[in-house]
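Peer 1: The structure follows.
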Amino acid sequence: MNQVISQAFSYLKYIIRSKTKYSVHSPFVYDFITKVIEDKTYYTKYNLVEEQRLKLLHNKNKIEIVDFGTSAGRTRYSTYIERVKNIAKRTGISTKQGQLLHRIVRYFKPDIMLEMGSSLGISSMYQVSASPESLFITLEGCAAIASYAEQNISHFSEHQTYNVIIGNFDKMLPTVLEKLHIVNYAFIDGNHAYKPTLKYFSLLLPKLNEHSILIFHDIHWSSEMENAWNEIKKNDSVTITIDLFSMGLVFFNKGLPKQDFVLRF
């Protein structure tokens, strides 16, 4: 209950602080608002992703879950049995957020995309379907869940190279990054805790350039995530950050002044 109250308070602060395009003086951010956030086009891939989500929400199969996260204060891992439909309800990114990810990828067209936390693949599908020519790599801690993610991604990967990597982020992320010369885009949605989030950020930094984009999901999930988000904003490599409450976007464009935006979404 304390977390619910804390999140409600954070959302109230966000509503008070958030701005619209009419109070934004950065051309880069203004374009992002008008061409991405406010893009009302209903892209055909939206329906295809939601059709797969509906199948997951009706899937009564039971699978064994290996959880490396900290959702209940755990610092190692736990195992338990859960129905696929319940996982889809609990962990699937919302339609609104998924469509935004699709538009972001569609707008920036990153060549190499990395996702940390594919779950059943709903967010993966939204991203993959927006950039068919990109390399897409997604990390998932649980093999049983990852198998569903891979099946779902395969529906959108006709012209795309993708890899579903299974294992603990702390162990797998360095291995994955060693094989990449650059990361153009990364969506971080896994271990919602202060130290792991900052660790992932520091590991990603050497692989980024001024056109790279990082998106952190659930930046107001807890005080730990809010503290991690504040630390990320202070980093000297970061120029523009955008707080949309449900996620935080980080840009590294060297030609832009350092600014932090809280935008209504």
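Residues in the structure tokens are numbered from 1 in each chain, the chains being A, B, ... in the order shown, and ligands are numbered from 1 in the order shown.
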From region 98-148 of chain A, collect each residue whose DSSP state is strand (DSSP E) and return the set as a ChimeraX atom specification.

Peer 2: /A:112-116,135-140

Peer 1: Distance table requested - region 202-262 of chain A against region 102-117 of chain A, cut-off 10 Å, only C-alpha atoms: one row per qualifying residue with the closest atom pair and its distance in Å to one decimal, ordered by chain and rising residue number, as JSON lines.

Peer 2:
```
{"residue": "A:His211", "atom": "CA", "partner": "A:Pro110", "partner_atom": "CA", "distance": 8.9}
{"residue": "A:Ser212", "atom": "CA", "partner": "A:Pro110", "partner_atom": "CA", "distance": 8.0}
{"residue": "A:Ile213", "atom": "CA", "partner": "A:Pro110", "partner_atom": "CA", "distance": 8.7}
{"residue": "A:Leu214", "atom": "CA", "partner": "A:Leu114", "partner_atom": "CA", "distance": 9.4}
{"residue": "A:Ile215", "atom": "CA", "partner": "A:Glu115", "partner_atom": "CA", "distance": 9.5}
{"residue": "A:Phe216", "atom": "CA", "partner": "A:Met116", "partner_atom": "CA", "distance": 9.7}
```

Peer 1: Out of A:His220, A:Lys89, A:Gly98, A:Ile145, which residue has the shortest atom-to-atom distance to Leu57 (chain A) when counting only C-alpha atoms?

Peer 2: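 Residue with the minimum atom-to-atom distance to Leu57 (chain A): A:Lys89.
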
Peer 1: List as a tab-separated table every residue of region 73-160 of chain A that is in contact with region 39-51 of chain A, defined as an atom at most 8 Å from one of its atoms (using only C-alpha atoms), together with the nearest atom pair and the distance in Å rounded to one decimal, sorted by chain and then rising number.

Peer 2:
```
residue	atom	partner	partner_atom	distance
A:Thr95	CA	A:Glu50	CA	7.8
A:Gln99	CA	A:Tyr46	CA	6.9
A:Arg103	CA	A:Asp39	CA	7.9
A:Ile122	CA	A:Val49	CA	6.9
A:Met125	CA	A:Val49	CA	6.2
A:Tyr126	CA	A:Val49	CA	6.6
A:Ser129	CA	A:Lys45	CA	6.5
A:Ala130	CA	A:Lys45	CA	7.9
```

Peer 1: Using only C-alpha atoms, which protein or nucleic acid residues come within 12 Å of region 252-260 of chain A? Drop anything in the same chain fewer than 4 positions from it, and give the result as a short mmCIF file (atom, residue, chain, number, x, y, z; two decimals) with C-alpha atoms, in the first residue's frame.

Peer 2:
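The new file selection.cif reads:
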```cif
data_model
loop_
_atom_site.label_atom_id
_atom_site.label_comp_id
_atom_site.auth_asym_id
_atom_site.auth_seq_id
_atom_site.Cartn_x
_atom_site.Cartn_y
_atom_site.Cartn_z
CA ARG A 17 5.18 19.98 -13.23
CA SER A 18 4.44 18.60 -16.70
CA LYS A 19 4.38 20.98 -19.67
CA VAL A 24 8.87 24.20 -24.84
CA HIS A 25 11.54 26.34 -26.52
CA SER A 26 13.81 23.55 -27.72
CA PRO A 27 13.24 22.88 -31.46
CA PHE A 28 14.45 19.29 -30.99
CA VAL A 29 11.95 18.58 -28.20
CA ASN A 184 21.65 3.25 -31.15
CA TYR A 185 18.63 2.61 -28.95
CA LEU A 205 27.49 4.55 -21.94
CA LYS A 207 28.56 1.99 -26.58
CA LEU A 208 26.53 5.16 -27.22
CA ASN A 209 27.06 8.08 -29.56
CA GLU A 210 25.41 11.48 -29.80
CA HIS A 211 22.49 10.03 -31.76
CA SER A 212 21.75 7.21 -29.30
CA ILE A 213 18.56 7.06 -27.26
CA LEU A 214 17.96 5.36 -23.91
CA TRP A 229 16.64 8.72 -12.78
CA ASN A 230 17.94 11.87 -11.06
CA ILE A 232 21.20 9.70 -14.85
CA LYS A 233 20.01 13.23 -15.59
CA LYS A 234 23.13 14.66 -13.94
CA ASN A 235 25.57 12.66 -16.06
CA ASP A 236 27.87 14.87 -18.14
CA SER A 237 27.22 12.82 -21.29
CA VAL A 238 23.49 13.48 -21.12
CA THR A 239 22.09 16.56 -22.83
CA ILE A 240 18.30 16.18 -23.07
CA THR A 241 16.02 14.15 -20.78
CA ILE A 242 12.26 13.82 -21.10
CA ASP A 243 10.11 12.61 -18.21
CA LEU A 244 6.80 11.13 -19.40
CA GLY A 248 12.18 8.54 -19.14
#
```
